[in-house]
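Colleague: Sending over a structure as structure tokens; questions will come in a sec.
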Amino acid sequence: MSYVKIWVHLVFATKNRTPLLTKEIRSDVHKHIIINCKNKEIFLQSINGYSEHVHCLISLGKNQSISQVSQLIKGESSFWINSIKLTSEKFIWQDDYFAVSVSESQFDKVVTYIKNQEAHHATKSFAEETDEFMKNYGWTNVKDEK
């Protein structure tokens, strides 16, 4: 029997970072993603976000990849949001995502960070958060490469 525990902090945004995940629907979207993850055997430890993005802490299974899990979560949730007309315009997730590994020593810190998204974004925009992710993980922003 194989034993795997690979924690991944996955962050994805709405297309063009349009703030479609209003406070009124955000909880329903998160609940739906939780149910979808259970149905697809994706171990989702934590989920939260703000008006234009979602944070997930997942543990990859032995036959799962980050791109596969991201596609399953994003594809099904956008289909569901559109099928019940949860937003006034067509809902689309951005193609891109952030994904970083999380060590056991940082696990509780990441869970708390995800849980406190509303308070976090009262003082920091998603653009600022994205820039911070880019800097902290040594990623180059495409616009900076030109």
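Letters for chains follow the order of the structure tokens (A, B, ...), residue numbers begin at 1 for each chain, and ligand numbers begin at 1 in the order shown.
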Give me, as a VMD selection string, the residues of stretch 76-141 of chain A that a backbone DSSP run labels helix (DSSP H, G or I).
Modeller: chain A and resid 76 to 83 104 to 115 117 to 120 126 to 136
Colleague: Could the residues in this selection be saved with N, CA and C atoms as a tab-separated table (two decimals), in the first residue's frame?
Modeller:
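Here's the written file selection.tsv:
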chain	number	residue	atom	x	y	z
A	76	GLU	N	-15.75	22.03	-12.82
A	76	GLU	CA	-17.06	21.65	-12.30
A	76	GLU	C	-17.74	22.83	-11.61
A	77	SER	N	-16.98	23.61	-10.85
A	77	SER	CA	-17.60	24.72	-10.12
A	77	SER	C	-18.10	25.81	-11.07
A	78	SER	N	-17.35	26.11	-12.12
A	78	SER	CA	-17.83	27.13	-13.07
A	78	SER	C	-19.07	26.61	-13.81
A	79	PHE	N	-19.08	25.33	-14.15
A	79	PHE	CA	-20.26	24.73	-14.79
A	79	PHE	C	-21.48	24.88	-13.87
A	80	TRP	N	-21.31	24.55	-12.59
A	80	TRP	CA	-22.40	24.64	-11.61
A	80	TRP	C	-22.87	26.07	-11.44
A	81	ILE	N	-21.94	27.01	-11.27
A	81	ILE	CA	-22.29	28.43	-11.09
A	81	ILE	C	-23.13	28.92	-12.27
A	82	ASN	N	-22.71	28.56	-13.49
A	82	ASN	CA	-23.43	28.99	-14.69
A	82	ASN	C	-24.76	28.27	-14.86
A	83	SER	N	-24.80	26.99	-14.50
A	83	SER	CA	-26.05	26.23	-14.70
A	83	SER	C	-27.18	26.72	-13.81
A	104	GLU	N	4.70	20.27	6.86
A	104	GLU	CA	3.94	20.00	8.08
A	104	GLU	C	4.13	21.13	9.10
A	105	SER	N	5.32	21.70	9.14
A	105	SER	CA	5.60	22.76	10.12
A	105	SER	C	4.82	24.05	9.82
A	106	GLN	N	4.40	24.23	8.57
A	106	GLN	CA	3.65	25.43	8.18
A	106	GLN	C	2.16	25.16	8.00
A	107	PHE	N	1.74	23.93	8.19
A	107	PHE	CA	0.36	23.52	7.95
A	107	PHE	C	-0.64	24.41	8.70
A	108	ASP	N	-0.51	24.53	10.01
A	108	ASP	CA	-1.46	25.32	10.80
A	108	ASP	C	-1.47	26.79	10.38
A	109	LYS	N	-0.31	27.31	10.05
A	109	LYS	CA	-0.21	28.71	9.61
A	109	LYS	C	-0.99	28.92	8.31
A	110	VAL	N	-0.89	27.98	7.39
A	110	VAL	CA	-1.60	28.10	6.11
A	110	VAL	C	-3.10	27.94	6.31
A	111	VAL	N	-3.52	27.02	7.17
A	111	VAL	CA	-4.94	26.85	7.47
A	111	VAL	C	-5.51	28.15	8.03
A	112	THR	N	-4.80	28.77	8.96
A	112	THR	CA	-5.24	30.03	9.55
A	112	THR	C	-5.29	31.13	8.50
A	113	TYR	N	-4.28	31.20	7.65
A	113	TYR	CA	-4.23	32.20	6.58
A	113	TYR	C	-5.45	32.06	5.66
A	114	ILE	N	-5.77	30.85	5.27
A	114	ILE	CA	-6.92	30.61	4.40
A	114	ILE	C	-8.22	30.97	5.12
A	115	LYS	N	-8.32	30.58	6.37
A	115	LYS	CA	-9.53	30.85	7.14
A	115	LYS	C	-9.81	32.35	7.29
A	117	GLN	N	-9.29	34.97	5.25
A	117	GLN	CA	-9.22	35.73	4.00
A	117	GLN	C	-9.98	37.06	4.04
A	118	GLU	N	-11.15	37.06	4.64
A	118	GLU	CA	-11.95	38.30	4.68
A	118	GLU	C	-11.19	39.40	5.41
A	119	ALA	N	-10.64	39.11	6.57
A	119	ALA	CA	-9.87	40.09	7.33
A	119	ALA	C	-8.59	40.47	6.59
A	120	HIS	N	-7.95	39.48	5.99
A	120	HIS	CA	-6.71	39.72	5.25
A	120	HIS	C	-6.93	40.71	4.11
A	126	PHE	N	-5.98	41.66	-3.71
A	126	PHE	CA	-5.52	40.41	-4.32
A	126	PHE	C	-4.29	40.67	-5.19
A	127	ALA	N	-4.23	41.82	-5.85
A	127	ALA	CA	-3.05	42.17	-6.65
A	127	ALA	C	-1.81	42.25	-5.77
A	128	GLU	N	-1.94	42.86	-4.60
A	128	GLU	CA	-0.82	42.93	-3.65
A	128	GLU	C	-0.44	41.54	-3.15
A	129	GLU	N	-1.46	40.73	-2.87
A	129	GLU	CA	-1.22	39.36	-2.42
A	129	GLU	C	-0.49	38.56	-3.51
A	130	THR	N	-0.92	38.74	-4.74
A	130	THR	CA	-0.29	38.05	-5.87
A	130	THR	C	1.17	38.47	-6.00
A	131	ASP	N	1.43	39.76	-5.93
A	131	ASP	CA	2.82	40.25	-6.00
A	131	ASP	C	3.66	39.66	-4.88
A	132	GLU	N	3.08	39.56	-3.69
A	132	GLU	CA	3.79	38.98	-2.55
A	132	GLU	C	4.10	37.50	-2.79
A	133	PHE	N	3.13	36.74	-3.34
A	133	PHE	CA	3.36	35.34	-3.69
A	133	PHE	C	4.50	35.24	-4.70
A	134	MET	N	4.46	36.08	-5.72
A	134	MET	CA	5.48	36.06	-6.77
A	134	MET	C	6.87	36.28	-6.17
A	135	LYS	N	6.97	37.25	-5.29
A	135	LYS	CA	8.25	37.58	-4.65
A	135	LYS	C	8.70	36.47	-3.71
A	136	ASN	N	7.80	36.01	-2.85
A	136	ASN	CA	8.15	35.00	-1.85
A	136	ASN	C	8.60	33.68	-2.46
Colleague: Identify which of the residues A:Ile92, A:Val4, A:Ile25, A:Val102 lies closest to A:Ser51, counting only C-alpha atoms when measuring atom-to-atom distances.
Modeller: A:Ile25
Colleague: I'd like the neighbourhood of stretch 62-68 of chain A as a count of residues only, where a residue qualifies if any of its atoms comes within 9 Å (using only C-alpha atoms), though same-chain residues fewer than 6 positions away should be ignored.
Modeller: 8
Colleague: Expressed in Å to a single decimal, how great is the separation between atom CA of A:Phe91 and atom CA of A:Gln45?
Modeller: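 Interatomic distance, atom CA of A:Phe91 to atom CA of A:Gln45: 24.7 Å.
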Colleague: Under the rule that only C-alpha atoms are counted, which of A:His9, A:Lys40, A:His121, A:Lys15 is the nearest residue to A:Leu72?
Modeller: A:Lys40
Colleague: Using Å and a single decimal, report how far atom CA of A:Cys37 sits from atom CA of A:Trp139.
Modeller: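 If I compute the distance from atom CA of A:Trp139 to atom CA of A:Cys37, I get 28.2 Å.
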Colleague: Give the strand (DSSP E or B) residues of chain A, as assigned by DSSP on the backbone, as an NGL selection string.
Modeller: :A and (6-14 or 43-50 or 53-60 or 93 or 98-102)
Colleague: Give me the residues within 10 Å of stretch 12-14 of chain A as a list in words, counting only C-alpha atoms and dropping any in the same chain fewer than 4 places off.
Modeller: Thr18, Pro19, Leu20, Leu21, Gly49, Tyr50, Ser51, Glu52, His53, Val54, His55, Cys56, Ser70, Lys74, Ser78, Phe91, Ile92, Trp93, Gln94, Asp95, Asp96, Tyr97, Phe98, Ala99 and Phe126 of chain A
